[in-house]
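Peer 1: Sharing query18.csv below, CSV, C-alpha atoms:
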chain,number,residue,atom,x,y,z
A,1,MET,CA,44.7,89.9,24.9
A,2,LYS,CA,42.3,91.4,22.4
A,3,THR,CA,42.9,95.0,21.3
A,4,ILE,CA,40.5,97.7,20.3
A,5,VAL,CA,41.4,99.8,17.2
A,6,LEU,CA,40.9,103.5,18.1
A,7,SER,CA,40.7,105.6,15.0
A,8,THR,CA,41.1,108.7,17.1
A,9,ILE,CA,44.6,107.7,18.1
A,10,ALA,CA,45.5,107.3,14.4
A,11,VAL,CA,44.2,110.7,13.6
A,12,LEU,CA,46.0,112.3,16.5
A,13,LEU,CA,49.3,110.6,15.8
A,14,ILE,CA,49.4,111.0,12.1
A,15,ASN,CA,51.6,114.1,12.1
A,16,VAL,CA,53.7,113.1,15.2
A,17,THR,CA,56.9,111.4,14.1
A,18,GLY,CA,58.3,109.5,17.0
A,19,LEU,CA,58.6,110.3,20.7
A,20,MET,CA,61.4,112.8,20.5
A,21,PRO,CA,60.8,116.5,21.3
A,22,GLN,CA,58.8,118.2,18.5
A,23,GLN,CA,58.6,121.8,17.4
A,24,PHE,CA,55.1,122.5,18.6
A,25,GLY,CA,55.6,126.3,18.5
A,26,SER,CA,52.5,127.1,16.4
A,27,VAL,CA,51.7,130.7,15.8
A,28,ALA,CA,48.1,129.9,14.9
A,29,GLY,CA,45.8,131.8,17.2
A,30,THR,CA,45.3,135.3,18.5
A,31,PHE,CA,48.1,137.6,19.9
A,32,SER,CA,47.6,141.1,21.1
A,33,ASN,CA,48.7,144.0,23.3
A,34,GLU,CA,47.0,147.3,24.0
A,35,ASN,CA,47.7,148.7,20.5
A,36,LEU,CA,47.8,145.8,18.0
A,37,THR,CA,46.0,142.4,17.5
A,38,ILE,CA,47.0,139.7,15.0
A,39,TYR,CA,44.8,136.8,14.0
A,40,LEU,CA,46.5,133.8,12.3
A,41,ASN,CA,45.3,130.6,10.7
A,42,GLY,CA,47.5,127.8,9.3
A,43,GLU,CA,49.9,125.0,10.1
A,44,ASN,CA,53.2,123.4,9.2
A,45,GLY,CA,55.0,126.8,9.4
A,46,ASN,CA,52.7,128.7,7.0
A,47,TYR,CA,50.1,131.2,8.3
A,48,THR,CA,47.8,133.8,7.0
A,49,GLY,CA,45.4,136.2,8.7
A,50,LYS,CA,45.1,139.9,9.5
A,51,ILE,CA,46.5,142.6,11.7
A,52,ILE,CA,44.2,145.1,13.4
A,53,MET,CA,45.8,148.4,14.6
A,54,ASN,CA,44.1,151.8,15.2
A,55,GLU,CA,40.8,150.4,13.7
A,56,MET,CA,42.6,149.6,10.5
A,57,THR,CA,43.0,146.0,9.1
A,58,PHE,CA,45.9,144.7,7.1
A,59,PRO,CA,46.2,141.2,5.5
A,60,VAL,CA,49.3,139.3,6.7
A,61,ALA,CA,51.2,136.2,5.7
A,62,ILE,CA,54.1,134.8,7.7
A,63,GLN,CA,56.3,131.8,7.9
A,64,CYS,CA,57.5,130.2,11.1
A,65,PRO,CA,59.1,126.8,10.0
A,66,ASP,CA,61.1,126.2,13.2
A,67,GLY,CA,58.4,127.3,15.7
A,68,LYS,CA,60.6,130.2,16.8
A,69,SER,CA,61.7,132.6,14.0
A,70,ILE,CA,59.0,134.6,12.2
A,71,GLN,CA,59.2,136.3,8.9
A,72,GLY,CA,56.6,137.6,6.4
A,73,SER,CA,54.8,140.7,5.3
A,74,TYR,CA,51.5,142.6,5.5
A,75,SER,CA,49.7,144.4,2.8
A,76,TYR,CA,48.7,148.1,2.7
A,77,GLN,CA,47.2,149.9,-0.4
A,78,GLY,CA,48.5,147.2,-2.7
A,79,ALA,CA,52.1,147.2,-1.4
A,80,ASN,CA,53.8,144.6,0.9
A,81,PHE,CA,55.8,145.5,3.9
A,82,PRO,CA,58.2,143.2,5.7
A,83,ILE,CA,57.6,141.9,9.2
A,84,TYR,CA,59.7,139.6,11.3
A,85,GLY,CA,60.3,138.5,14.9
A,86,THR,CA,60.3,135.6,17.3
A,87,LEU,CA,57.9,133.3,19.2
A,88,ALA,CA,58.8,132.4,22.7
A,89,GLY,CA,56.1,130.4,24.5
A,90,ASN,CA,53.0,132.5,24.4
A,91,THR,CA,54.8,135.7,23.6
A,92,MET,CA,55.2,136.9,20.0
A,93,ASN,CA,57.8,139.7,19.4
A,94,LEU,CA,57.3,141.4,16.1
A,95,ILE,CA,59.4,144.1,14.5
A,96,ASN,CA,58.2,146.4,11.7
A,97,ASP,CA,59.9,149.5,10.4
A,98,GLY,CA,62.0,149.7,13.6
A,99,PHE,CA,59.0,149.4,15.9
A,100,ARG,CA,58.8,146.5,18.3
A,101,PHE,CA,55.6,144.9,19.5
A,102,ALA,CA,55.4,142.3,22.3
A,103,LEU,CA,52.1,140.4,21.9
A,104,GLN,CA,50.6,137.8,24.2
A,105,ARG,CA,48.6,134.8,23.1
A,106,GLN,CA,45.0,135.3,24.0
A,107,THR,CA,44.0,131.7,23.7
A,108,SER,CA,46.0,128.4,23.6
A,109,LEU,CA,43.6,127.2,20.9
A,110,PRO,CA,45.0,127.1,17.3
A,111,ALA,CA,42.8,129.2,15.1
A,112,ALA,CA,43.0,126.9,12.1
A,113,THR,CA,39.4,125.8,12.4
A,114,GLN,CA,38.0,129.2,13.3
A,115,PRO,CA,37.3,132.4,11.3
A,116,VAL,CA,40.2,134.8,11.7
A,117,ALA,CA,38.0,137.4,13.2
A,118,GLN,CA,37.3,135.3,16.3
A,119,THR,CA,39.4,135.4,19.4
A,120,SER,CA,38.1,132.2,21.0
A,121,SER,CA,36.6,129.0,19.9
A,122,VAL,CA,34.1,128.8,22.7
A,123,SER,CA,30.8,130.5,23.0
A,124,SER,CA,29.9,133.2,25.5
A,125,ALA,CA,28.3,130.7,27.9
A,126,PRO,CA,29.9,131.3,31.4
A,127,ASN,CA,31.0,127.7,31.8
A,128,GLN,CA,32.7,127.7,28.4
A,129,LYS,CA,34.8,130.8,28.7
A,130,LEU,CA,38.5,130.2,28.7
A,131,THR,CA,41.1,131.7,31.0
A,132,SER,CA,44.5,132.6,29.4
A,133,GLU,CA,45.8,129.2,30.5
A,134,GLU,CA,42.9,127.0,29.5
A,135,VAL,CA,42.3,125.0,26.3
A,136,GLY,CA,38.8,124.0,25.3
A,137,ASP,CA,36.2,123.5,22.6
A,138,PRO,CA,32.4,124.0,22.9
A,139,TYR,CA,31.8,120.8,20.8
A,140,PHE,CA,34.0,118.6,23.0
A,141,GLY,CA,32.3,119.7,26.2
A,142,PHE,CA,35.4,120.1,28.3
A,143,LYS,CA,38.4,122.4,28.9
A,144,PHE,CA,41.8,121.9,30.6
A,145,VAL,CA,45.1,123.4,31.4
A,146,PRO,CA,48.2,122.0,29.7
A,147,PRO,CA,51.3,121.4,31.8
A,148,SER,CA,53.9,124.2,31.8
A,149,GLY,CA,56.0,124.0,28.6
A,150,TRP,CA,53.5,121.8,26.7
A,151,ILE,CA,51.6,123.3,23.7
A,152,ALA,CA,48.2,122.0,22.5
A,153,GLN,CA,47.3,121.5,18.9
A,154,LYS,CA,43.6,120.8,18.2
A,155,THR,CA,42.3,118.3,15.6
A,156,ASP,CA,38.8,117.0,14.9
A,157,ALA,CA,39.6,114.0,17.1
A,158,GLY,CA,40.9,115.8,20.2
A,159,TYR,CA,44.2,117.4,21.2
A,160,VAL,CA,47.9,116.5,20.7
A,161,LEU,CA,50.3,118.1,23.2
A,162,GLY,CA,54.0,118.3,22.6
A,163,SER,CA,57.0,120.0,24.1
A,164,ASN,CA,60.1,121.5,22.5
A,165,SER,CA,62.2,120.5,25.5
A,166,GLU,CA,60.8,117.2,26.8
A,167,GLN,CA,60.2,113.9,25.1
A,168,GLY,CA,56.8,112.2,24.8
A,169,ILE,CA,53.3,113.1,23.6
A,170,ILE,CA,50.1,113.8,25.4
A,171,LEU,CA,46.7,113.0,23.8
A,172,ILE,CA,43.4,114.4,25.1
A,173,ILE,CA,40.5,112.5,23.5
A,174,PRO,CA,36.8,112.8,24.1
A,175,HIS,CA,35.0,109.5,24.7
A,176,HIS,CA,31.4,108.3,24.8
A,177,TYR,CA,31.6,105.7,27.6
A,178,GLN,CA,28.7,106.0,30.1
A,179,ASN,CA,30.1,104.3,33.2
A,180,LEU,CA,33.4,103.2,34.8
A,181,ASP,CA,32.9,99.6,34.0
A,182,ALA,CA,32.8,100.4,30.3
A,183,MET,CA,36.0,102.4,30.6
A,184,LYS,CA,37.7,99.6,32.5
A,185,SER,CA,36.6,97.1,29.8
A,186,ALA,CA,38.0,99.2,27.1
A,187,ALA,CA,41.3,99.6,29.0
A,188,GLU,CA,41.6,95.9,29.4
A,189,GLU,CA,41.2,95.4,25.6
A,190,GLY,CA,44.2,97.7,25.1
A,191,LEU,CA,44.9,100.5,22.5
A,192,ALA,CA,46.0,99.9,18.9
A,193,ASP,CA,46.1,101.7,15.6
A,194,GLU,CA,47.6,101.2,12.2
A,195,ASN,CA,50.5,103.5,12.8
A,196,GLY,CA,52.4,101.3,15.1
A,197,THR,CA,50.6,101.8,18.4
A,198,GLN,CA,50.0,98.6,20.4
A,199,LEU,CA,49.6,99.2,24.1
A,200,GLN,CA,48.4,96.7,26.7
A,201,MET,CA,47.3,97.5,30.2
A,202,LYS,CA,49.8,96.7,33.0
A,203,GLY,CA,48.4,95.9,36.4
A,204,SER,CA,44.8,96.8,37.3
A,205,ALA,CA,42.8,100.0,36.9
A,206,GLN,CA,42.8,102.3,39.9
A,207,GLN,CA,40.1,104.7,40.9
A,208,PHE,CA,40.7,108.4,40.1
A,209,GLY,CA,38.4,110.7,42.0
A,210,ASP,CA,34.7,110.0,42.1
A,211,SER,CA,34.2,109.5,38.4
A,212,GLY,CA,37.4,108.3,36.8
A,213,ILE,CA,40.0,105.5,36.5
A,214,GLU,CA,43.8,105.6,35.8
A,215,VAL,CA,45.8,102.8,34.2
A,216,ASN,CA,49.3,102.0,33.0
A,217,PHE,CA,50.1,100.7,29.5
A,218,GLU,CA,53.2,99.2,27.9
A,219,GLY,CA,54.0,98.3,24.3
A,220,LEU,CA,54.6,100.3,21.2
A,221,VAL,CA,53.9,103.8,20.0
A,222,GLN,CA,54.8,104.4,16.4
A,223,TRP,CA,56.8,101.1,16.5
A,224,GLN,CA,59.0,102.3,19.4
A,225,GLN,CA,59.0,100.6,22.8
A,226,ALA,CA,56.9,102.9,25.0
A,227,LYS,CA,55.0,103.2,28.3
A,228,ALA,CA,51.9,105.3,28.9
A,229,HIS,CA,49.7,106.5,31.7
A,230,ALA,CA,46.1,107.1,31.0
A,231,ILE,CA,43.2,108.6,33.0
A,232,GLY,CA,39.6,108.3,31.9
A,233,MET,CA,37.0,110.6,33.3
A,234,LEU,CA,33.2,110.8,33.0
A,235,SER,CA,31.3,114.0,32.3
A,236,PRO,CA,27.9,114.8,33.9
A,237,SER,CA,26.6,115.4,30.4
A,238,GLY,CA,27.6,111.9,29.3
A,239,GLY,CA,30.8,110.6,27.8
A,240,GLY,CA,33.9,112.3,29.0
A,241,VAL,CA,37.6,112.6,28.3
A,242,THR,CA,40.6,110.3,28.1
A,243,ILE,CA,44.1,111.6,28.8
A,244,ILE,CA,47.1,109.6,27.6
A,245,VAL,CA,50.7,110.5,28.3
A,246,ALA,CA,53.3,108.3,26.5
A,247,THR,CA,57.1,108.3,26.0
A,248,GLU,CA,60.0,105.9,25.4
A,249,SER,CA,60.0,103.1,27.9
A,250,ALA,CA,63.5,104.0,29.1
A,251,ARG,CA,62.5,107.5,29.9
A,252,PHE,CA,59.1,107.0,31.4
A,253,GLY,CA,58.9,108.0,35.0
A,254,GLN,CA,56.7,109.6,37.7
A,255,ILE,CA,56.8,113.0,36.0
A,256,TYR,CA,54.7,111.6,33.1
A,257,GLU,CA,52.1,110.2,35.5
A,258,ASN,CA,52.0,113.6,37.2
A,259,TYR,CA,51.4,115.3,33.8
A,260,ALA,CA,48.3,113.2,33.3
A,261,ARG,CA,47.0,113.8,36.8
A,262,SER,CA,47.6,117.6,36.6
A,263,ILE,CA,45.6,117.8,33.4
A,264,ALA,CA,42.9,115.6,34.8
A,265,LYS,CA,42.6,117.8,37.9
A,266,SER,CA,42.3,120.9,35.7
A,267,VAL,CA,39.5,119.4,33.5
A,268,LYS,CA,36.1,121.2,33.7
A,269,PHE,CA,33.1,119.7,31.9
A,270,PHE,CA,30.2,121.5,30.4
A,271,LYS,CA,27.3,120.6,28.2
A,272,PRO,CA,28.7,120.3,24.7
A,273,GLU,CA,27.2,122.2,21.8
A,274,THR,CA,25.7,120.1,18.9
A,275,PRO,CA,27.0,120.9,15.4
A,276,SER,CA,24.2,121.8,13.0
A,277,ALA,CA,25.6,119.0,10.7
A,278,VAL,CA,24.4,116.4,13.2
A,279,ASN,CA,20.7,117.0,12.4
A,280,GLU,CA,21.5,117.2,8.7
A,281,TRP,CA,23.1,113.7,8.9
A,282,ARG,CA,20.2,112.3,10.8
A,283,GLN,CA,17.9,113.3,8.0
A,284,LYS,CA,20.3,112.0,5.3
A,285,LEU,CA,20.7,108.5,6.9
A,286,ASN,CA,17.2,107.9,8.1
A,287,ASN,CA,15.8,104.8,6.4
A,288,SER,CA,18.9,104.4,4.4
A,289,ARG,CA,21.3,101.5,3.4
A,290,LEU,CA,25.0,102.1,3.4
A,291,THR,CA,27.1,99.7,1.3
A,292,TYR,CA,30.9,99.4,1.1
A,293,LEU,CA,32.4,97.2,-1.6
A,294,TRP,CA,36.0,96.3,-2.0
A,295,SER,CA,37.9,93.5,-3.9
A,296,TYR,CA,41.3,92.7,-5.3
A,297,TYR,CA,43.0,90.0,-7.4
A,298,SER,CA,46.6,89.3,-8.2
A,299,GLY,CA,47.8,86.3,-10.1
A,300,GLY,CA,49.8,85.2,-13.1
A,301,GLY,CA,52.6,83.4,-11.2
A,302,THR,CA,54.5,80.8,-13.2
A,303,ASP,CA,53.2,78.1,-10.9
A,304,GLY,CA,49.6,79.3,-11.3
A,305,SER,CA,49.5,80.9,-7.9
A,306,TYR,CA,47.1,83.7,-7.1
A,307,VAL,CA,45.8,85.8,-4.2
A,308,GLY,CA,42.5,87.6,-4.0
A,309,GLY,CA,39.9,88.8,-1.7
A,310,SER,CA,36.7,90.9,-1.3
A,311,GLN,CA,34.7,92.6,1.4
A,312,LYS,CA,31.2,93.8,1.5
A,313,THR,CA,29.7,95.8,4.4
A,314,VAL,CA,26.0,96.7,4.6
A,315,ILE,CA,24.5,98.9,7.3
A,316,ASP,CA,20.7,99.4,7.3
A,317,LEU,CA,19.6,102.4,9.4
A,318,CYS,CA,15.9,102.3,10.2
A,319,ALA,CA,13.5,105.1,11.2
A,320,LYS,CA,12.7,103.4,14.5
A,321,GLY,CA,16.3,103.8,15.6
A,322,ASN,CA,17.3,100.2,14.9
A,323,PHE,CA,20.0,99.0,12.5
A,324,ARG,CA,20.9,95.8,10.7
A,325,PHE,CA,24.6,95.2,10.1
A,326,PHE,CA,26.2,92.7,7.7
A,327,ASP,CA,29.9,92.3,7.0
A,328,ASP,CA,31.2,89.5,4.7
A,329,SER,CA,34.9,89.2,3.9
A,330,GLN,CA,36.7,86.4,2.3
A,331,VAL,CA,40.4,85.9,1.5
A,332,ALA,CA,41.5,83.2,-0.9
A,333,ALA,CA,45.1,82.1,-1.5
A,334,ASP,CA,46.3,79.4,-3.8
A,335,GLY,CA,50.0,78.7,-3.7
A,336,GLY,CA,50.1,76.3,-6.6
A,337,GLY,CA,50.7,73.0,-4.9
A,338,ALA,CA,48.7,74.0,-1.8
A,339,SER,CA,45.6,76.1,-1.3
A,340,GLY,CA,44.0,77.8,1.6
A,341,TYR,CA,40.7,79.7,2.1
A,342,SER,CA,39.4,81.7,5.0
A,343,GLY,CA,36.1,83.5,5.2
A,344,GLY,CA,33.9,85.0,7.8
A,345,SER,CA,30.7,86.9,8.3
A,346,SER,CA,29.4,89.0,11.2
A,347,ASN,CA,25.8,89.9,11.8
A,348,GLY,CA,24.4,92.0,14.5
A,349,ASP,CA,21.7,94.6,15.3
A,350,GLY,CA,21.1,97.2,17.9
A,351,THR,CA,20.4,101.0,17.9
A,352,TRP,CA,22.0,103.8,16.0
A,353,GLU,CA,22.5,107.5,16.6
A,354,ILE,CA,24.2,110.5,15.1
A,355,SER,CA,26.4,112.5,17.5
A,356,SER,CA,29.6,114.4,17.1
A,357,GLN,CA,33.3,114.1,17.7
A,358,GLY,CA,34.2,117.7,18.1
A,359,GLN,CA,32.6,119.4,15.0
A,360,SER,CA,32.7,116.1,13.0
A,361,PRO,CA,29.4,114.2,12.7
A,362,LEU,CA,29.7,110.6,14.1
A,363,LEU,CA,27.6,107.5,13.3
A,364,ARG,CA,27.5,105.3,16.4
A,365,LEU,CA,26.2,101.7,16.2
A,366,LYS,CA,25.3,100.2,19.6
A,367,PHE,CA,25.0,96.4,19.3
A,368,HIS,CA,22.9,94.5,21.7
A,369,ASN,CA,25.9,92.5,22.8
A,370,GLY,CA,27.6,95.7,24.1
A,371,LYS,CA,29.9,96.4,21.1
A,372,VAL,CA,30.0,99.9,19.8
A,373,PHE,CA,31.2,100.8,16.2
A,374,GLU,CA,31.8,104.5,15.4
A,375,TYR,CA,32.3,106.1,12.0
A,376,VAL,CA,33.2,109.7,11.2
A,377,LEU,CA,30.9,111.0,8.5
A,378,THR,CA,32.0,113.1,5.6
A,379,ILE,CA,30.8,114.1,2.2
A,380,GLN,CA,33.6,114.3,-0.5
A,381,ASP,CA,32.6,115.4,-4.0
A,382,GLY,CA,29.0,114.6,-3.2
A,383,LYS,CA,29.9,111.0,-2.1
A,384,THR,CA,29.4,109.5,1.4
A,385,TYR,CA,32.4,108.4,3.4
A,386,LEU,CA,32.6,106.6,6.7
A,387,ASN,CA,36.0,106.7,8.3
A,388,ASP,CA,37.4,107.8,4.9
A,389,LYS,CA,35.9,104.8,3.2
A,390,ARG,CA,33.4,105.3,0.3
A,391,PHE,CA,29.9,103.9,1.1
A,392,PHE,CA,27.0,104.0,-1.4
A,393,ARG,CA,23.9,105.5,0.1
A,394,THR,CA,20.5,104.2,-1.0
A,395,TYR,CA,16.9,104.5,0.4
A,396,SER,CA,13.8,102.5,1.0
A,397,ASP,CA,12.1,103.9,-2.1
A,398,ASP,CA,14.9,102.7,-4.4
A,399,ASP,CA,13.7,101.2,-7.7
A,400,ASN,CA,15.9,98.2,-7.1
A,401,ALA,CA,14.7,96.2,-4.0
A,402,GLU,CA,18.3,94.9,-3.5
A,403,TYR,CA,19.4,98.4,-2.5
A,404,ARG,CA,16.6,99.0,0.0
A,405,PRO,CA,17.3,98.8,3.7
A,406,GLN,CA,15.6,95.9,5.5
A,407,CYS,CA,13.7,97.6,8.3
A,408,TRP,CA,11.1,96.2,10.6
Taking this structure as input, can you express it in the form of structure tokens?
Peer 2:
Amino acid sequence: MKTIVLSTIAVLLINVTGLMPQQFGSVAGTFSNENLTIYLNGENGNYTGKIIMNEMTFPVAIQCPDGKSIQGSYSYQGANFPIYGTLAGNTMNLINDGFRFALQRQTSLPAATQPVAQTSSVSSAPNQKLTSEEVGDPYFGFKFVPPSGWIAQKTDAGYVLGSNSEQGIILIIPHHYQNLDAMKSAAEEGLADENGTQLQMKGSAQQFGDSGIEVNFEGLVQWQQAKAHAIGMLSPSGGGVTIIVATESARFGQIYENYARSIAKSVKFFKPETPSAVNEWRQKLNNSRLTYLWSYYSGGGTDGSYVGGSQKTVIDLCAKGNFRFFDDSQVAADGGGASGYSGGSSNGDGTWEISSQGQSPLLRLKFHNGKVFEYVLTIQDGKTYLNDKRFFRTYSDDDNAEYRPQCW
């Protein structure tokens, strides 16, 4: 059965090593009581931010490498003062100069992508406000409640949930499917990424509520035998969310399906905000040609053998909203006494749009045959990248006609 490569799965799993319990005790976020508030940014055990107490602000830096023990210091009038304590669930216990402070997490969202002065990553719109138990993001357009004992970590692609006491991982991923048939078709194709995830659907998709489906998967997650339960839901605003709970095959049971269902039942949708970068990218890519070039050659064997290949991808994005797509790759191998050659090309057209994946701008190509290609857009050192691959960007007024988009 054909698989579909989901780059979001690769992004979400890149820092999750295996399906064993992980130390997900992140102190990124906002903790406070009636006297003191601490804002922290960071990851991988290292955090910086500030403490506010009695209308005074103190820069702070702490380490929490095991997700439990806290040590560090805050600055006051050029001097550093030690601070230490522990993290237990959503409670931070700090000790400074003999005084103890019990602080409660004010949001389950990590603060890594937010200014330290903010206490929440959602706007003040009523349907976007978070309770103390909810996790959400205004650019994803949904919020949810993690199962007890599971901690959410936000990325540009969605959320990874892990537990310090239970095996397995939970992924919460926004999607752009517009109906149940599209979600079922994607589930039938399976899930795969380059980090050892290869899951195929087992059985048939079942209805979940009025606007969702749930399916079972079996296969590999990070090269380990695994089972997963997934629920896809549609949002009234378009798109929706996919919930995937996975663990080792031998440990998978009803409890993991229940985790997925409890999250799904807690999901609340709202109209997502549009990042300002979306409009900027629309202007950048209008009437443009995006070109990706790659090649390699390796030879010099004593028998005259060589191996080589190349790839060229061209995407023309036209002002009318149409696009032209060309991809030509060829791989050649000559083993001395025998030779082989394989090549292929794919042409297609359809409509293009710029949307977002969280706060990341996204180029979406919708082919007339129903296929959809998606690329996360970034600028690095002034250069254009699609899914972390360098593309050259040229326009219809380029001096060289070869570099102009073919629009009609």
Peer 1: For stretch 350-357 of chain A, list every protein, DNA or RNA residue within 8 Å, evaluated using all atoms listed in the file, and leave out those in the same chain fewer than 4 positions away; present the list as a list of chain:residue names.
Peer 2: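 Residues near the query, excluding close chain neighbours: A:Tyr139, A:Phe140, A:Asp156, A:Ala157, A:Pro174, A:Thr274, A:Pro275, A:Val278, A:Asn279, A:Trp281, A:Arg282, A:Leu317, A:Gly321, A:Asn322, A:Phe323, A:Arg324, A:Pro361, A:Leu362, A:Leu363, A:Arg364, A:Leu365, A:Lys366, A:Phe367, A:His368, A:Val376.
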Peer 1: Name all residues at most 9 Å from A:Gln200 (count all atoms listed in the file; drop same-chain ones fewer than 3 positions away) and give them as a list in words.
Peer 2: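 Non-adjacent residues within range: Met1, Thr3, Ala187, Glu188, Glu189, Gly190, Leu191, Ala192, Asn216, Phe217, Glu218 and Gly219 of chain A.
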Peer 1: For atom CA of A:Leu103 and atom CA of A:Pro65, quote the distance in Å rounded to one decimal.
Peer 2: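 We find that atom CA of A:Leu103 and atom CA of A:Pro65 lie 19.4 Å from each other.
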Peer 1: Interatomic distance between atom CA of A:Ala79 and atom CA of A:Gly67?
Peer 2: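 Result for atom CA of A:Ala79 versus atom CA of A:Gly67: 27.0 Å, one decimal.
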Peer 1: Rank nothing, just name the residue among A:Glu166, A:Glu273, A:Asp316, A:Asp328 nearest to A:Glu248, using all atoms listed in the file.
Peer 2: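 Of A:Glu166, A:Glu273, A:Asp316, A:Asp328, the one nearest A:Glu248, counting all atoms listed in the file, is A:Glu166.
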Peer 1: When distances are computed from all atoms listed in the file, which of A:Leu293, A:Ala61, A:Ala260, A:Val314 shows the smallest separation from A:Arg390?
Peer 2: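 Result for the nearest residue to A:Arg390: A:Leu293.
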Peer 1: Leaving out A:Thr57 and any residue of its chain fewer than 3 positions from it, which residues lie within 10 Å of it when counting all atoms listed in the file, given as a ChimeraX atom specification?
Peer 2: /A:37-38,50-54,60,74-76
Peer 1: From the list A:Tyr256, A:Lys184, A:Ser32, A:Pro236, which residue is nearest A:Gly203 when using all atoms listed in the file?
Peer 2: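 Among the listed residues, A:Lys184 lies closest to A:Gly203.
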Peer 1: Could you tell me how far atom CA of A:Gly382 sits from atom CA of A:Asn287, in Å to one decimal place?
Peer 2: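 Separating atom CA of A:Asn287 from atom CA of A:Gly382 is a distance of 19.0 Å.
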Peer 1: I'd like to know which of A:Leu87, A:Ala205, A:Val27, A:Ala264 is closest to A:Ser235, using only C-alpha atoms.
Peer 2: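 When distances to A:Ser235 are compared using only C-alpha atoms, the smallest one comes from A:Ala264.
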Peer 1: Quick one: of A:Leu161, A:Ser69, A:Gln406, A:Tyr292, who's nearest to A:Asp388, counting all atoms listed in the file?
Peer 2: A:Tyr292
Peer 1: Mind checking which residues fall within 7 Å of A:Val215, counting only C-alpha atoms, ignoring those fewer than 4 positions away in the same chain, and posting them as a list in words?
Peer 2: Met201, Ser204, Ala205, Gln206, His229, Ala230 and Ile231 of chain A
Peer 1: Here is a test: counting all atoms listed in the file, which residue of A:Ala102, A:Met183, A:Leu36, A:Pro146 is nearest to A:Asn258?
Peer 2: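 Looking at the shortest contact to A:Asn258, the residue is A:Pro146.
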Peer 1: So that I can check the surroundings of A:Gly85, please list as number ranges by chain every protein, DNA and RNA residue that reaches within 9 Å of it, counting only C-alpha atoms and ignoring chain neighbours fewer than 2 positions away.
Peer 2: A: 68-71, 83, 87, 92-96, 100
